[in-house]
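Chemist: This is the structure, below, for whatever I ask next.
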Amino acid sequence: MEIHCQEKFDEVKKYAESIGDQTLNNCIERLKGYEKDGKHTVHLYNDFAKHSFYFQEFDVNGRCVLNGGVIYHEPGNDHSFSVCIDADEMTKPEWRIHT
C-alpha cells in the first residue's frame with residue numbers, strides 16, 4: 001500500500017487508538033488484502049471529510065480498477081456525505097469502506 005498522506009494517516013491512526021477503535025485498522029488490512037495476488041496496488045490519499053481517506057486500486061498495467069473511501073462515521077450527522085443503512089444503530093465512531 002502506498003500512502004500519499006502519511007502525516008494525516010499517522011494522526012488519524014493515533015486518534016483511532018486513543019478512542020480504542022479497531023475499525024480503521026480493519027479497513028486498512030482489508031485494502032492491503034487486495035494486493036496479495038501481486039497484481040494490484042492500493043494507493044491511499046487524503047479526503048476532505050474528517051479523519052477519512054480516498055483510495056484507488058491499480059492493476060499491473062496502471063489502470064484504476066476500483067476506487068472509494070475509508071470513511072469516518074460518527075453517530076448523528078458526521079458530515080461525510082456517505083450513507084450508512086444502519087446509521088440509526090451506530091453508537092460510537094467507526095470507519096467503513098465505501099466504493
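Each chain of the C-alpha cells is named A, B, ... in the order shown, its residues numbered from 1; ligands are numbered from 1 in display order.
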Would you return as a list in words the members of range 2-77 of chain A that DSSP assigns to strand (DSSP E or B) on this structure's backbone?

Modeler: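 Taking range 2-77 of chain A and keeping strand (DSSP E or B) gives Glu2, Ile3, His40, Thr41, Val42, His43, Leu44, Tyr45, Asn46, Phe53, Tyr54, Phe55, Gln56, Glu57, Phe58, Asp59, Cys64, Val65, Leu66, Asn67, Gly68, Gly69, Val70, Ile71, Tyr72 and His73 of chain A.
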
Chemist: Env of His98 in chain A: 9 Å cut, atoms = only C-alpha atoms, seq-sep filter 3 positions within chain, self excluded. Answer as an MDAnalysis selection string.

Modeler: chainID A and resid 67:71 82:83

Chemist: Between A:Leu66, A:Asn46, A:Asn26, A:Gly33, which has the minimum distance to Glu11 in chain A (counting only C-alpha atoms)?

Modeler: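 Of all the options, A:Asn46 lies closest to Glu11 in chain A.
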
Chemist: Give the alpha helix (DSSP H) residues of range 14-77 of chain A, as DSSP finds them on the backbone, and put them as a PyMOL selection string.

Modeler: chain A and resi 14-18+23-33

Chemist: Fewer than 3 positions away in the same chain doesn't count, so skip those; otherwise give me all residues within 12 Å of Gln22 in chain A, counting only C-alpha atoms, as a list in words.

Modeler: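 So the residues in contact are Val12, Lys13, Lys14, Tyr15, Ala16, Glu17, Ser18, Ile19, Asn25, Asn26, Cys27, Ile28, Glu29, Lys92, Pro93, Glu94, Trp95 and Arg96 of chain A.
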
Chemist: Excluding same-chain residues fewer than 6 positions from Leu44 in chain A, what lies within 6 Å of it counting only C-alpha atoms, as a list of chain:residue names?

Modeler: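 So the residues in contact are A:Ile3, A:His4, A:Tyr54, A:Phe55.
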
Chemist: So, with only C-alpha atoms as the atoms that count, which of A:His51, A:His43, A:Arg63, A:His79 lies closest to Leu24 in chain A?

Modeler: A:His51

Chemist: Rounded to one decimal place, report the CA of Cys5 in chain A-CA of Phe53 in chain A distance in Å.

Modeler: 8.9 Å

Chemist: Counting only C-alpha atoms, figure out which residue out of A:Asp59, A:Pro75, A:Lys50, A:Leu31 gets nearest to Thr99 in chain A.

Modeler: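 For Thr99 in chain A, the nearest of the candidates is A:Leu31.
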